[in-house]
$ cat work.txt   # compact mmCIF, N, CA and C atoms
# COMPACT_ATOMS: atom_id res chain seq x y z
N MET A 181 -71.09 -22.57 4.82
CA MET A 181 -71.27 -22.46 6.25
C MET A 181 -72.45 -23.35 6.67
N ALA A 182 -72.22 -24.23 7.60
CA ALA A 182 -73.26 -25.13 8.09
C ALA A 182 -74.20 -24.36 9.01
N ARG A 183 -75.49 -24.52 8.75
CA ARG A 183 -76.50 -23.87 9.58
C ARG A 183 -77.23 -24.92 10.41
N THR A 184 -77.84 -24.47 11.48
CA THR A 184 -78.61 -25.37 12.34
C THR A 184 -79.91 -24.70 12.76
N ILE A 185 -80.85 -25.53 13.13
CA ILE A 185 -82.05 -25.06 13.81
C ILE A 185 -81.81 -25.41 15.27
N GLN A 186 -82.01 -24.45 16.15
CA GLN A 186 -81.80 -24.68 17.57
C GLN A 186 -83.14 -24.84 18.27
N VAL A 187 -83.20 -25.81 19.16
CA VAL A 187 -84.39 -26.04 19.98
C VAL A 187 -83.94 -26.00 21.43
N LYS A 188 -84.67 -25.29 22.26
CA LYS A 188 -84.39 -25.22 23.70
C LYS A 188 -85.59 -25.79 24.44
N ALA A 189 -85.44 -26.97 24.99
CA ALA A 189 -86.52 -27.62 25.73
C ALA A 189 -86.59 -27.07 27.15
N ALA A 190 -87.69 -27.36 27.83
CA ALA A 190 -87.84 -26.90 29.20
C ALA A 190 -87.15 -27.82 30.19
N ARG A 191 -87.08 -29.12 29.84
CA ARG A 191 -86.51 -30.11 30.76
C ARG A 191 -85.71 -31.14 29.96
N ILE A 192 -84.77 -31.79 30.61
CA ILE A 192 -83.94 -32.82 29.96
C ILE A 192 -84.78 -33.97 29.42
N PRO A 193 -85.75 -34.51 30.17
CA PRO A 193 -86.55 -35.61 29.62
C PRO A 193 -87.31 -35.20 28.35
N ASP A 194 -87.77 -33.94 28.29
CA ASP A 194 -88.46 -33.47 27.09
C ASP A 194 -87.51 -33.39 25.90
N ARG A 195 -86.30 -32.92 26.16
CA ARG A 195 -85.29 -32.87 25.10
C ARG A 195 -85.00 -34.26 24.58
N ASP A 196 -84.83 -35.22 25.48
CA ASP A 196 -84.52 -36.59 25.06
C ASP A 196 -85.65 -37.20 24.26
N ARG A 197 -86.88 -36.97 24.68
CA ARG A 197 -88.04 -37.49 23.94
C ARG A 197 -88.13 -36.85 22.56
N LEU A 198 -87.87 -35.56 22.48
CA LEU A 198 -87.92 -34.88 21.19
C LEU A 198 -86.82 -35.39 20.27
N LEU A 199 -85.62 -35.61 20.79
CA LEU A 199 -84.54 -36.18 19.97
C LEU A 199 -84.96 -37.53 19.40
N HIS A 200 -85.60 -38.34 20.22
CA HIS A 200 -86.07 -39.65 19.77
C HIS A 200 -87.11 -39.50 18.66
N GLU A 201 -88.06 -38.59 18.84
CA GLU A 201 -89.11 -38.38 17.84
C GLU A 201 -88.54 -37.85 16.53
N LEU A 202 -87.60 -36.92 16.61
CA LEU A 202 -86.97 -36.39 15.39
C LEU A 202 -86.25 -37.50 14.65
N ALA A 203 -85.48 -38.31 15.36
CA ALA A 203 -84.73 -39.41 14.73
C ALA A 203 -85.69 -40.42 14.10
N ARG A 204 -86.79 -40.68 14.77
CA ARG A 204 -87.78 -41.62 14.25
C ARG A 204 -88.36 -41.16 12.91
N HIS A 205 -88.37 -39.84 12.69
CA HIS A 205 -88.90 -39.28 11.46
C HIS A 205 -87.79 -38.85 10.49
N GLY A 206 -86.59 -39.34 10.74
CA GLY A 206 -85.49 -39.09 9.81
C GLY A 206 -84.85 -37.72 9.90
N ILE A 207 -85.09 -37.02 10.99
CA ILE A 207 -84.49 -35.70 11.19
C ILE A 207 -83.40 -35.84 12.24
N GLY A 208 -82.19 -35.61 11.84
CA GLY A 208 -81.06 -35.75 12.76
C GLY A 208 -80.95 -34.55 13.67
N GLY A 209 -80.59 -34.79 14.89
CA GLY A 209 -80.36 -33.71 15.85
C GLY A 209 -79.37 -34.20 16.87
N ARG A 210 -78.70 -33.27 17.52
CA ARG A 210 -77.75 -33.67 18.56
C ARG A 210 -77.99 -32.82 19.80
N PRO A 211 -77.84 -33.45 20.98
CA PRO A 211 -78.03 -32.69 22.21
C PRO A 211 -76.93 -31.65 22.40
N VAL A 212 -77.31 -30.51 22.93
CA VAL A 212 -76.37 -29.43 23.21
C VAL A 212 -76.67 -28.91 24.61
N ASP A 213 -75.64 -28.77 25.41
CA ASP A 213 -75.82 -28.30 26.79
C ASP A 213 -76.84 -29.19 27.51
N ASP A 214 -77.57 -28.62 28.45
CA ASP A 214 -78.51 -29.42 29.24
C ASP A 214 -79.81 -29.71 28.50
N VAL A 215 -80.39 -28.71 27.87
CA VAL A 215 -81.72 -28.89 27.29
C VAL A 215 -81.82 -28.49 25.82
N GLY A 216 -80.69 -28.29 25.16
CA GLY A 216 -80.70 -27.83 23.78
C GLY A 216 -80.58 -28.96 22.77
N ILE A 217 -81.04 -28.67 21.56
CA ILE A 217 -80.89 -29.58 20.41
C ILE A 217 -80.46 -28.72 19.22
N ASP A 218 -79.49 -29.20 18.47
CA ASP A 218 -79.12 -28.59 17.20
C ASP A 218 -79.50 -29.56 16.09
N VAL A 219 -80.26 -29.07 15.12
CA VAL A 219 -80.63 -29.86 13.95
C VAL A 219 -79.89 -29.25 12.77
N PRO A 220 -78.94 -29.99 12.17
CA PRO A 220 -78.18 -29.44 11.06
C PRO A 220 -79.02 -29.31 9.79
N LEU A 221 -78.74 -28.27 9.02
CA LEU A 221 -79.38 -28.04 7.73
C LEU A 221 -78.36 -28.27 6.64
N ASP A 222 -78.71 -29.07 5.63
CA ASP A 222 -77.79 -29.37 4.55
C ASP A 222 -77.56 -28.18 3.63
N ASP A 223 -78.64 -27.50 3.26
CA ASP A 223 -78.51 -26.35 2.37
C ASP A 223 -79.70 -25.42 2.57
N ASP A 224 -79.59 -24.23 1.99
CA ASP A 224 -80.64 -23.22 2.16
C ASP A 224 -81.94 -23.61 1.49
N ALA A 225 -81.88 -24.41 0.43
CA ALA A 225 -83.08 -24.76 -0.32
C ALA A 225 -84.09 -25.53 0.53
N HIS A 226 -83.59 -26.36 1.43
CA HIS A 226 -84.48 -27.17 2.26
C HIS A 226 -84.63 -26.64 3.68
N ALA A 227 -83.97 -25.56 4.00
CA ALA A 227 -83.97 -25.05 5.37
C ALA A 227 -85.37 -24.72 5.86
N ARG A 228 -86.17 -24.07 5.05
CA ARG A 228 -87.50 -23.67 5.47
C ARG A 228 -88.39 -24.88 5.74
N GLN A 229 -88.30 -25.90 4.87
CA GLN A 229 -89.10 -27.11 5.06
C GLN A 229 -88.67 -27.87 6.31
N VAL A 230 -87.35 -27.99 6.53
CA VAL A 230 -86.86 -28.69 7.71
C VAL A 230 -87.28 -27.95 8.97
N ALA A 231 -87.19 -26.62 8.95
CA ALA A 231 -87.60 -25.83 10.11
C ALA A 231 -89.08 -26.05 10.41
N SER A 232 -89.90 -26.10 9.38
CA SER A 232 -91.33 -26.36 9.56
C SER A 232 -91.56 -27.76 10.12
N ASP A 233 -90.84 -28.74 9.60
CA ASP A 233 -90.96 -30.12 10.09
C ASP A 233 -90.56 -30.23 11.55
N VAL A 234 -89.45 -29.59 11.92
CA VAL A 234 -88.99 -29.63 13.31
C VAL A 234 -90.03 -29.00 14.22
N PHE A 235 -90.56 -27.84 13.84
CA PHE A 235 -91.57 -27.17 14.66
C PHE A 235 -92.79 -28.07 14.83
N SER A 236 -93.23 -28.74 13.76
CA SER A 236 -94.38 -29.65 13.82
C SER A 236 -94.12 -30.81 14.77
N HIS A 237 -92.91 -31.36 14.72
CA HIS A 237 -92.58 -32.47 15.60
C HIS A 237 -92.50 -32.01 17.06
N VAL A 238 -92.02 -30.78 17.27
CA VAL A 238 -91.99 -30.23 18.63
C VAL A 238 -93.42 -30.13 19.16
N GLU A 239 -94.32 -29.56 18.36
CA GLU A 239 -95.72 -29.44 18.78
C GLU A 239 -96.33 -30.81 19.09
N ARG A 240 -96.12 -31.77 18.20
CA ARG A 240 -96.68 -33.11 18.36
C ARG A 240 -96.14 -33.79 19.62
N THR A 241 -94.84 -33.64 19.85
CA THR A 241 -94.23 -34.27 21.03
C THR A 241 -94.79 -33.67 22.32
N ILE A 242 -94.98 -32.37 22.34
CA ILE A 242 -95.56 -31.71 23.52
C ILE A 242 -96.97 -32.26 23.78
N MET A 243 -97.74 -32.44 22.71
CA MET A 243 -99.10 -32.98 22.87
C MET A 243 -99.04 -34.41 23.40
N LEU A 244 -98.10 -35.22 22.90
CA LEU A 244 -97.98 -36.61 23.37
C LEU A 244 -97.57 -36.68 24.83
N ILE A 245 -96.67 -35.81 25.23
CA ILE A 245 -96.21 -35.78 26.61
C ILE A 245 -97.32 -35.29 27.53
N GLY A 246 -98.15 -34.39 27.01
CA GLY A 246 -99.22 -33.83 27.83
C GLY A 246 -98.72 -32.75 28.76
N ALA A 247 -97.56 -32.20 28.45
CA ALA A 247 -96.99 -31.15 29.30
C ALA A 247 -97.63 -29.81 28.98
N PRO A 248 -97.75 -28.94 29.96
CA PRO A 248 -98.35 -27.62 29.74
C PRO A 248 -97.34 -26.64 29.16
N PHE A 249 -96.77 -26.97 28.01
CA PHE A 249 -95.78 -26.13 27.35
C PHE A 249 -96.24 -25.76 25.96
N VAL A 250 -95.68 -24.70 25.43
CA VAL A 250 -95.94 -24.29 24.06
C VAL A 250 -94.62 -23.99 23.38
N PRO A 251 -94.50 -24.33 22.08
CA PRO A 251 -93.30 -23.97 21.35
C PRO A 251 -93.42 -22.54 20.83
N ILE A 252 -92.35 -21.79 20.95
CA ILE A 252 -92.30 -20.42 20.47
C ILE A 252 -91.03 -20.28 19.65
N GLU A 253 -91.16 -19.78 18.42
CA GLU A 253 -89.98 -19.56 17.59
C GLU A 253 -89.61 -18.08 17.67
N HIS A 254 -88.35 -17.82 18.00
CA HIS A 254 -87.87 -16.45 18.12
C HIS A 254 -86.44 -16.38 17.62
N GLU A 255 -86.21 -15.57 16.60
CA GLU A 255 -84.89 -15.36 16.02
C GLU A 255 -84.18 -16.67 15.69
N GLY A 256 -84.91 -17.59 15.05
CA GLY A 256 -84.32 -18.83 14.58
C GLY A 256 -84.15 -19.92 15.63
N VAL A 257 -84.65 -19.69 16.84
CA VAL A 257 -84.56 -20.69 17.89
C VAL A 257 -85.98 -21.06 18.31
N ILE A 258 -86.24 -22.36 18.45
CA ILE A 258 -87.54 -22.83 18.94
C ILE A 258 -87.39 -23.08 20.44
N TYR A 259 -88.14 -22.30 21.22
CA TYR A 259 -88.12 -22.46 22.68
C TYR A 259 -89.37 -23.21 23.11
N ILE A 260 -89.22 -24.14 24.04
CA ILE A 260 -90.36 -24.83 24.62
C ILE A 260 -90.49 -24.31 26.03
N ARG A 261 -91.61 -23.62 26.28
CA ARG A 261 -91.76 -22.95 27.57
C ARG A 261 -93.19 -23.02 28.07
N PRO A 262 -93.41 -22.70 29.32
CA PRO A 262 -94.78 -22.64 29.82
C PRO A 262 -95.54 -21.54 29.08
N PRO A 263 -96.86 -21.69 28.97
CA PRO A 263 -97.63 -20.64 28.28
C PRO A 263 -97.56 -19.32 29.02
N LEU A 264 -97.61 -18.25 28.25
CA LEU A 264 -97.61 -16.91 28.84
C LEU A 264 -99.03 -16.61 29.32
N SER A 265 -99.17 -15.89 30.42
CA SER A 265 -100.50 -15.60 30.96
C SER A 265 -101.25 -14.65 30.08

$ encode --input "work.txt" --output "C-alpha cells"
Amino acid sequence: MARTIQVKAARIPDRDRLLHELARHGIGGRPVDDVGIDVPLDDDAHARQVASDVFSHVERTIMLIGAPFVPIEHEGVIYIRPPLS
C-alpha cells in the first residue's frame, strides 16, 4: 500500500513555493486540491526520515517567505496555519 505525507498550505502561492523547494532537494510531491501536497513514501523504513525532511523544508520555506505561519503536524498531516494566540 502506497503511503503519503500530506501537507496543507495556507495559500496557493505558499504551496507552489514549497513544491519547488521540495523538488530542489530531491523530494517529490504533487499538488492536491487547492492548497494540498502529497509526498509519496517508498517504504516504511524511510518514512520517518522523509517525514522529518518534509517538515524541515516546510519550516525553512516559511522562514524564507517571511509569512506569519507555523507548521503543525496532526495525525500524519502537516498543516501550515497562522499561529495560535

$ closest_residue --input "work.txt" --among "A:Pro211, A:Ile252, A:Pro263, A:Val230" --to "Asp196 of chain A" --atoms "only N, CA and C atoms"
A:Pro211

$ residues_around --input "work.txt" --residues "Val250 of chain A" --least-positions-apart "5" --cutoff "5 Å" --atoms "all atoms listed in the file" --output "ChimeraX atom specification"
/A:260-263

$ atom_distance --input "work.txt" --atom1 "atom N of Gln186 of chain A" --atom2 "atom N of His237 of chain A"
13.0 Å

$ atom_distance --input "work.txt" --atom1 "atom CA of Ile217 of chain A" --atom2 "atom C of Val238 of chain A"
12.6 Å

$ atom_distance --input "work.txt" --atom1 "atom CA of Pro251 of chain A" --atom2 "atom CA of Phe235 of chain A"
7.6 Å

$ select_by_dssp --input "work.txt" --residues "chain A" --states "alpha helix (DSSP H)" --output "VMD selection string"
chain A and resid 192 to 204 224 to 245

$ decode --input "work.txt" --residues "segment 206-235 of chain A" --atoms "N, CA and C atoms" --output "PDB file, in the first residue's frame"
ATOM      1  N   GLY A 206      15.217  17.114  -3.905  1.00  0.00           N
ATOM      2  CA  GLY A 206      15.034  15.713  -4.280  1.00  0.00           C
ATOM      3  C   GLY A 206      13.857  15.012  -3.642  1.00  0.00           C
ATOM      4  N   ILE A 207      12.921  15.772  -3.110  1.00  0.00           N
ATOM      5  CA  ILE A 207      11.725  15.187  -2.501  1.00  0.00           C
ATOM      6  C   ILE A 207      10.559  15.450  -3.437  1.00  0.00           C
ATOM      7  N   GLY A 208      10.006  14.402  -3.973  1.00  0.00           N
ATOM      8  CA  GLY A 208       8.896  14.544  -4.910  1.00  0.00           C
ATOM      9  C   GLY A 208       7.600  14.818  -4.186  1.00  0.00           C
ATOM     10  N   GLY A 209       6.785  15.638  -4.767  1.00  0.00           N
ATOM     11  CA  GLY A 209       5.466  15.929  -4.217  1.00  0.00           C
ATOM     12  C   GLY A 209       4.563  16.330  -5.361  1.00  0.00           C
ATOM     13  N   ARG A 210       3.270  16.181  -5.152  1.00  0.00           N
ATOM     14  CA  ARG A 210       2.334  16.594  -6.202  1.00  0.00           C
ATOM     15  C   ARG A 210       1.229  17.420  -5.568  1.00  0.00           C
ATOM     16  N   PRO A 211       0.774  18.447  -6.308  1.00  0.00           N
ATOM     17  CA  PRO A 211      -0.306  19.276  -5.775  1.00  0.00           C
ATOM     18  C   PRO A 211      -1.613  18.498  -5.701  1.00  0.00           C
ATOM     19  N   VAL A 212      -2.374  18.767  -4.663  1.00  0.00           N
ATOM     20  CA  VAL A 212      -3.677  18.131  -4.468  1.00  0.00           C
ATOM     21  C   VAL A 212      -4.659  19.222  -4.068  1.00  0.00           C
ATOM     22  N   ASP A 213      -5.799  19.240  -4.724  1.00  0.00           N
ATOM     23  CA  ASP A 213      -6.813  20.260  -4.444  1.00  0.00           C
ATOM     24  C   ASP A 213      -6.198  21.657  -4.582  1.00  0.00           C
ATOM     25  N   ASP A 214      -6.687  22.607  -3.818  1.00  0.00           N
ATOM     26  CA  ASP A 214      -6.206  23.979  -3.943  1.00  0.00           C
ATOM     27  C   ASP A 214      -4.874  24.213  -3.248  1.00  0.00           C
ATOM     28  N   VAL A 215      -4.720  23.729  -2.032  1.00  0.00           N
ATOM     29  CA  VAL A 215      -3.526  24.065  -1.251  1.00  0.00           C
ATOM     30  C   VAL A 215      -2.796  22.853  -0.681  1.00  0.00           C
ATOM     31  N   GLY A 216      -3.136  21.658  -1.143  1.00  0.00           N
ATOM     32  CA  GLY A 216      -2.537  20.450  -0.599  1.00  0.00           C
ATOM     33  C   GLY A 216      -1.348  19.948  -1.402  1.00  0.00           C
ATOM     34  N   ILE A 217      -0.510  19.169  -0.726  1.00  0.00           N
ATOM     35  CA  ILE A 217       0.622  18.479  -1.348  1.00  0.00           C
ATOM     36  C   ILE A 217       0.632  17.056  -0.803  1.00  0.00           C
ATOM     37  N   ASP A 218       0.824  16.087  -1.676  1.00  0.00           N
ATOM     38  CA  ASP A 218       1.059  14.706  -1.267  1.00  0.00           C
ATOM     39  C   ASP A 218       2.496  14.352  -1.616  1.00  0.00           C
ATOM     40  N   VAL A 219       3.242  13.866  -0.630  1.00  0.00           N
ATOM     41  CA  VAL A 219       4.608  13.409  -0.837  1.00  0.00           C
ATOM     42  C   VAL A 219       4.583  11.895  -0.675  1.00  0.00           C
ATOM     43  N   PRO A 220       4.847  11.136  -1.757  1.00  0.00           N
ATOM     44  CA  PRO A 220       4.796   9.682  -1.664  1.00  0.00           C
ATOM     45  C   PRO A 220       5.965   9.117  -0.860  1.00  0.00           C
ATOM     46  N   LEU A 221       5.696   8.044  -0.135  1.00  0.00           N
ATOM     47  CA  LEU A 221       6.715   7.331   0.624  1.00  0.00           C
ATOM     48  C   LEU A 221       6.946   5.981  -0.042  1.00  0.00           C
ATOM     49  N   ASP A 222       8.211   5.645  -0.295  1.00  0.00           N
ATOM     50  CA  ASP A 222       8.538   4.389  -0.954  1.00  0.00           C
ATOM     51  C   ASP A 222       8.307   3.182  -0.061  1.00  0.00           C
ATOM     52  N   ASP A 223       8.749   3.277   1.187  1.00  0.00           N
ATOM     53  CA  ASP A 223       8.574   2.154   2.112  1.00  0.00           C
ATOM     54  C   ASP A 223       8.581   2.671   3.544  1.00  0.00           C
ATOM     55  N   ASP A 224       8.204   1.791   4.465  1.00  0.00           N
ATOM     56  CA  ASP A 224       8.112   2.188   5.868  1.00  0.00           C
ATOM     57  C   ASP A 224       9.463   2.505   6.483  1.00  0.00           C
ATOM     58  N   ALA A 225      10.536   1.897   5.979  1.00  0.00           N
ATOM     59  CA  ALA A 225      11.857   2.080   6.571  1.00  0.00           C
ATOM     60  C   ALA A 225      12.319   3.531   6.495  1.00  0.00           C
ATOM     61  N   HIS A 226      11.959   4.218   5.428  1.00  0.00           N
ATOM     62  CA  HIS A 226      12.401   5.595   5.253  1.00  0.00           C
ATOM     63  C   HIS A 226      11.313   6.623   5.553  1.00  0.00           C
ATOM     64  N   ALA A 227      10.140   6.169   5.923  1.00  0.00           N
ATOM     65  CA  ALA A 227       9.008   7.073   6.124  1.00  0.00           C
ATOM     66  C   ALA A 227       9.296   8.122   7.185  1.00  0.00           C
ATOM     67  N   ARG A 228       9.869   7.726   8.296  1.00  0.00           N
ATOM     68  CA  ARG A 228      10.119   8.663   9.384  1.00  0.00           C
ATOM     69  C   ARG A 228      11.129   9.735   8.980  1.00  0.00           C
ATOM     70  N   GLN A 229      12.189   9.326   8.263  1.00  0.00           N
ATOM     71  CA  GLN A 229      13.197  10.286   7.815  1.00  0.00           C
ATOM     72  C   GLN A 229      12.617  11.257   6.788  1.00  0.00           C
ATOM     73  N   VAL A 230      11.827  10.742   5.839  1.00  0.00           N
ATOM     74  CA  VAL A 230      11.222  11.607   4.829  1.00  0.00           C
ATOM     75  C   VAL A 230      10.258  12.588   5.493  1.00  0.00           C
ATOM     76  N   ALA A 231       9.474  12.113   6.450  1.00  0.00           N
ATOM     77  CA  ALA A 231       8.539  12.988   7.159  1.00  0.00           C
ATOM     78  C   ALA A 231       9.294  14.100   7.876  1.00  0.00           C
ATOM     79  N   SER A 232      10.408  13.769   8.495  1.00  0.00           N
ATOM     80  CA  SER A 232      11.233  14.766   9.173  1.00  0.00           C
ATOM     81  C   SER A 232      11.805  15.768   8.170  1.00  0.00           C
ATOM     82  N   ASP A 233      12.281  15.273   7.033  1.00  0.00           N
ATOM     83  CA  ASP A 233      12.827  16.145   5.986  1.00  0.00           C
ATOM     84  C   ASP A 233      11.765  17.098   5.452  1.00  0.00           C
ATOM     85  N   VAL A 234      10.572  16.574   5.196  1.00  0.00           N
ATOM     86  CA  VAL A 234       9.483  17.413   4.679  1.00  0.00           C
ATOM     87  C   VAL A 234       9.140  18.498   5.692  1.00  0.00           C
ATOM     88  N   PHE A 235       9.013  18.129   6.963  1.00  0.00           N
ATOM     89  CA  PHE A 235       8.688  19.116   7.995  1.00  0.00           C
ATOM     90  C   PHE A 235       9.771  20.194   8.055  1.00  0.00           C
TER      91      PHE A 235
END
